[in-house]
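The structure appears right after this line, and notes come after that.
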Protein chains: 4
Amino acid sequence: MNFINSRGFASDNNAGVHPRIMKALTDVNSGHCIAYGDDVYTEAAKEQFAKLFGDCDVFFVFNGTGANVLSLQAMTQPFNAVICSKTAHIHVDECGAPERFTGCKLLYNNTPDGKLKTLDIAGHLHGIGFEHHAQPRVVSITQTTEMGTVYTVDEINEIANYAHDNGLLLHVDGARIANAAVSLDVSLKDMITNTGVDVLSFGGTKNGMMFGEAVVILNKSLSNNFKYIRKQGMQLASKMRYISAQFNEYFNDGLWLENARHSNRMAQFLYNEVKELNGVMITQKVAANAVFAIIPSHVIEKLQREFFFYVWDDLSSEVRWVCSWDTTEDDIKRFVDTLKTLL
Amino acid sequence: MNFINSRGFASDNNAGVHPRIMKALTDVNSGHCIAYGDDVYTEAAKEQFAKLFGDCDVFFVFNGTGANVLSLQAMTQPFNAVICSKTAHIHVDECGAPERFTGCKLLYNNTPDGKLKTLDIAGHLHGIGFEHHAQPRVVSITQTTEMGTVYTVDEINEIANYAHDNGLLLHVDGARIANAAVSLDVSLKDMITNTGVDVLSFGGTKNGMMFGEAVVILNKSLSNNFKYIRKQGMQLASKMRYISAQFNEYFNDGLWLENARHSNRMAQFLYNEVKELNGVMITQKVAANAVFAIIPSHVIEKLQREFFFYVWDDLSSEVRWVCSWDTTEDDIKRFVDTLKTLL
Amino acid sequence: MNFINSRGFASDNNAGVHPRIMKALTDVNSGHCIAYGDDVYTEAAKEQFAKLFGDCDVFFVFNGTGANVLSLQAMTQPFNAVICSKTAHIHVDECGAPERFTGCKLLYNNTPDGKLKTLDIAGHLHGIGFEHHAQPRVVSITQTTEMGTVYTVDEINEIANYAHDNGLLLHVDGARIANAAVSLDVSLKDMITNTGVDVLSFGGTKNGMMFGEAVVILNKSLSNNFKYIRKQGMQLASKMRYISAQFNEYFNDGLWLENARHSNRMAQFLYNEVKELNGVMITQKVAANAVFAIIPSHVIEKLQREFFFYVWDDLSSEVRWVCSWDTTEDDIKRFVDTLKTLL
Amino acid sequence: MNFINSRGFASDNNAGVHPRIMKALTDVNSGHCIAYGDDVYTEAAKEQFAKLFGDCDVFFVFNGTGANVLSLQAMTQPFNAVICSKTAHIHVDECGAPERFTGCKLLYNNTPDGKLKTLDIAGHLHGIGFEHHAQPRVVSITQTTEMGTVYTVDEINEIANYAHDNGLLLHVDGARIANAAVSLDVSLKDMITNTGVDVLSFGGTKNGMMFGEAVVILNKSLSNNFKYIRKQGMQLASKMRYISAQFNEYFNDGLWLENARHSNRMAQFLYNEVKELNGVMITQKVAANAVFAIIPSHVIEKLQREFFFYVWDDLSSEVRWVCSWDTTEDDIKRFVDTLKTLL
């Protein structure tokens, strides 16, 4: 395995922990704290969320699948359906956890750019009140999408209004929400709270944290039972201070934005370096930290020998290149040089 | 909150992370690793488990509830029943997660010392093959028990044999397995593998780790689908190296035993200091790192103002005092002095 | 198999369908009806329930397990617990269906006469609001109990009040509710509605019907989603008229009371015939249609060769004899004669 | 409600019970039978299935949703996925019961004629062995399809082979299997057993029975735990003889084929009467007992005032007309006359 410790473009999950986050962990590592979140660090972290989002309830969990599944459980009854994109992480990458734990049906839509439209939602709004049909209750979108694209504030707002007008709630899978915030250059309050999002899965792991995500409940009528949902959902950390400390530093002095700005910038840099190469066809707008491209299939494997990345679609030889908080311009130059040689 | 950072006797979950573990986290924090466990640190950690247990399959998860629930899922069908003690963590402290996720019924027994007997199990072995009854399939015991007592190797072996003779499997909740190993002064191979345990939840968080537990499958016929069970069970860490690195250091040079030996010794010290006090009645054998005692109810609250600990049973004014890897003799002396004054 | 069509004392489930019920099925068997309950027979049957219970919502299901499980689902969230007797059908005889489908924990109590007491409930009312504990939400009692005993109206009322005072709901498994109504000589309104029962599983199959039970929701705030719960719970009959027609006839002219009165009377007759026999020890008050007795173990098998019945407890050689709507005095005389001979 | 007892074209579920079936119920209504299926009628009914299918295991359940969901549960683990058509009853008409009870993901395909192709299946066969993806395990097809079309024996065989070659199992929802058997003029053995179907939901209710369906397990390795799955799945009838008696008569003297032949013939008659009308466009091949057609939207409501039927697609004003075992030529003539007048 020649990839040990070498930076590639496979996933922002492959990157390590930002040194400031690591230091924050060490800094809280003295003496005893009441377990399960009744500690000062957790209280401080929740206040940070309140500053960013306004009035909300926040619950820390272990990982993104946990955040998504428990968010959906808080929003649904088992006879409900969740409307999402066909490329949604909740549909494709969570091994059926949403169905298994919420009992709900997932209704998915073809969305070439990963972005759900109100028309997609409309197509599922029949059989309402008809007991034979799973009742649509939640729209779930991903921001930044799995295709590296970004919903505008207006688009989120339109979906939220459409959802609410039709008795639905809006969930946002924000595993890469920081990259979207930087891309749109808007506050979380403007992007999430003011657009009418009901529940947000707020991710940090892909942007420099070690572990730990947050379920941010903007629609506080959905919070009542969440503490039980989290505990029964196996997502309550005993030594909670070590999640909270990460979030405290993550928000301190804009580290979260700095990391995301960097990875987005690296993706733009990569995009600019390859977009006009013969044999490279960019397939998605590069709005955040990922570049999707079709390259000759014979090049893929050779390139993968030097840099780890994933094939997105075998048939079309589409690949995904993801930049991380620690990607360097030099990484990209070497990568592009290799690619050029292979092409 | 005057407990910030002050060491108490509430729970070994309230203690921090051992400095060597913290350093180990920093040491692996460079460059990229393939996410989700396909990395060299995880491979090394698995090898450590193999050294301690012999041939086994190991899967890392986030927390103890996750380890227990997923272990049980790997061992059962939804129409099965799990036999346990009435004080078992899976029955009392997991908010019904085992029932919720496995679909199984929990059959619990009164066990004054926290230890299940074969006679307890025998009482549930009726209606076998009768479709109206949930079919017993797993016996789950806790080592060290929730009452601070410890099963001997012979006792585990007897239960395992009895279980197997009756078509059942044996699960051990080892949230405090290190304390038991030290208490019995036996190897994990002798205590777990050779006694016939099928699946072990191996805990580290209560003994100096930050997060992360391991499901150790000794009966490898139960491993086939575990990777899916873990992912669907929301317990697959993306940046797995930070769990693996902890285990690597935990086992390095016997740190796990050293920590457990220390907390057990502190519990003995505490026990010796209080056992003959007027007004203190020890209620359980002190075999590991916890002391259970009945003290005058009017003393409890005053003592809690100085040292955080939990009341175990309000009616009888029984309390639980837990020692941790970082408890000092001085902590105990001050605690006992305060107690004496109050008595 | 020499039991074909011969009446025994095994279970009121072994009896056939009352001829009037059978005729009612034939009577509605012409032409088309809208499926799934939107038909005049179903409307009429619901009105019958309203007459007996007052304002309520009624949903027909297939069987008793379905009625119980869906009732509990309507009353709970997955992190709740249900408090019941150790002999409760929901605990012993439904193969874990309540846990599997509601996700809830069952907390069961030793109740020698099958009747839960408020003290039993009290023992579970700790850890309220504590996320580590499954939160008690429902008390479930069985009327007539599985031990052939009957709660008085006052006892039900006391349990209901106690439950409500503690934030719990009361479910009654009324698989043999008719036998209790006859035994107490009270109306369903007095026994169920006015005592404060929230949801009742109303059984008919054991008392002369072919199939079909009713979930009677007195606390109508629990009804909102029941139609989805029933459909998703696989308990919505397509040709609903054939359940409704049975209930219509069941309530017509007091057939339900007549059948229950008969089986209760037969049990009293049996009781009187055996209670003073040497070697027979009656173990439960005979309040409805079942007699529990300890008889010499060597007699059991021989008696079973002539009359089918079940051993209740192998260890104590306790047996259960159940009378049905079609049991005759002559059946009992022959049974008692055989028993006498064997004794 | 002017539809009381008047025959319409809404659904074969709206029809009553065939008089011979009704008589069979009366015929077994004497004396006691052991409940839950241990009776001679059930044994006889199982033998009938064995004659039709060859070696198989048969379990009776209450309804079609129960048959489908329990079949799927017997074939899957919760981390599996089930591949089906977008119009499949399990996807559209069971309120999410399959997801809720199996925990599995449903992967659905656009199939204009209701028939799944191997290419549809192929599109889901990626991510095999990859723990992030729900693992495809079952292909479920409906015979007769929800669109009134019928798979040929070769088509079923091709799907079965493709499924097995790829480690999948084949489930057939046979709610209208009799109509397909008549349409293809083949034996069940040739259509189901010899093609390689693993599990069949065998329906009778839509073809003249009152209630009760059968899960026919051809691949007997899937039968082991089914009795527990059925009981825990709330689908075990206590007075089982009344399901068995129906099946016994259903198969006696070919009643099942006679009924299906009749309803198919009526659909052909209807088809022939309307196919050339101006304003009527037939949208599906009429292979069994349903006719799908687009008619002018202004006609629909008026026609519904006289004959009950369902609109299949509001947007295209497509309607579904279903014939039943009791539909008469005269019914159709009156219907067509009314339609002609309205057109």
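Just so we're on the same page: first chain in the structure tokens is A, next is B, and so on; residues restart at 1 for each chain, and ligands are numbered from 1 in the order they show up.
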
Excluding stretch 105-122 of chain A and its own-chain neighbours fewer than 4 positions away, which residues fall within 6 Å of it when counting only C-alpha atoms? Please give them as a list in words. Ala81, Val82, Ile83, Cys84, Ser85, Lys86, Thr145, Met147 and Ile159 of chain A; Gly96 of chain D

Resulting file, chosen residues, N, CA, C and O atoms, as a CSV table (one decimal), in the first residue's frame:
chain,number,residue,atom,x,y,z
A,81,ALA,N,-42.8,8.8,4.2
A,81,ALA,CA,-41.8,8.6,3.1
A,81,ALA,C,-40.9,9.9,3.1
A,81,ALA,O,-41.3,11.0,3.5
A,82,VAL,N,-39.6,9.7,2.7
A,82,VAL,CA,-38.6,10.7,2.6
A,82,VAL,C,-38.3,10.9,1.2
A,82,VAL,O,-37.9,9.9,0.5
A,83,ILE,N,-38.4,12.1,0.7
A,83,ILE,CA,-38.1,12.4,-0.7
A,83,ILE,C,-36.7,12.9,-0.8
A,83,ILE,O,-36.3,13.8,-0.1
A,84,CYS,N,-35.9,12.3,-1.7
A,84,CYS,CA,-34.5,12.7,-1.9
A,84,CYS,C,-34.0,12.5,-3.3
A,84,CYS,O,-34.7,12.1,-4.1
A,85,SER,N,-32.7,12.9,-3.5
A,85,SER,CA,-32.1,12.7,-4.8
A,85,SER,C,-31.6,11.2,-4.9
A,85,SER,O,-31.3,10.6,-3.8
A,86,LYS,N,-31.5,10.8,-6.1
A,86,LYS,CA,-31.0,9.4,-6.3
A,86,LYS,C,-29.5,9.3,-5.9
A,86,LYS,O,-29.0,8.2,-5.6
A,145,THR,N,-24.0,19.3,-2.3
A,145,THR,CA,-24.5,18.0,-2.8
A,145,THR,C,-23.4,17.0,-3.0
A,145,THR,O,-22.2,17.4,-3.0
A,147,MET,N,-22.6,15.8,-5.6
A,147,MET,CA,-22.0,16.0,-6.9
A,147,MET,C,-21.1,17.3,-6.9
A,147,MET,O,-20.7,17.8,-8.0
A,159,ILE,N,-37.5,25.4,-1.9
A,159,ILE,CA,-37.8,24.1,-1.5
A,159,ILE,C,-38.5,24.0,-0.2
A,159,ILE,O,-39.5,23.3,0.1
D,96,GLY,N,-45.4,1.2,2.9
D,96,GLY,CA,-44.0,1.1,3.4
D,96,GLY,C,-43.8,-0.1,4.3
D,96,GLY,O,-42.8,-0.2,5.0

Hey, list the chain C side of the contact with chain D: 8 Å cut-off, only C-alpha atoms, answer as number ranges by chain. C: 3-8, 13-17, 22, 26, 29-35, 39-40, 62-63, 65-66, 94-97, 100-101, 205, 210-211, 228, 231-235, 237-239, 242

Looking only at strand (DSSP E) from DSSP on the backbone, list the matching residues of stretch 123-220 of chain C as a ChimeraX atom specification. /C:135-142,169-174,199-202,213-217

Could you tell me, as a ChimeraX atom specification, which residues of stretch 177-324 of chain C DSSP assigns to alpha helix (DSSP H) when given the backbone? /C:177-184,188,226-232,241-251,255-274,297-306

Considering only C-alpha atoms, return as a VMD selection string whatever protein or nucleic-acid residues lie within 12 Å of D:Val186, sequence-local ones (same chain, fewer than 4 positions apart) excluded. chain D and resid 52 151 to 154 177 to 182 190 to 195 257

Residues within 6 Å of B:Phe79, please, as a ChimeraX atom specification. Count only C-alpha atoms; anything in the same chain fewer than 2 positions from it doesn't count. /B:77,104,134

Which value, in Å to one decimal, gives the distance between atom CA of D:Ile21 and atom CA of D:Phe247?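 Distance reported for this atom pair: 8.3 Å.
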
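For D:Asp313, the set of protein, DNA and RNA residues having any atom at most 10 Å away, when counting only C-alpha atoms and skipping those fewer than 6 positions along the same chain, is Ile294, Val319 and Arg320 of chain D.
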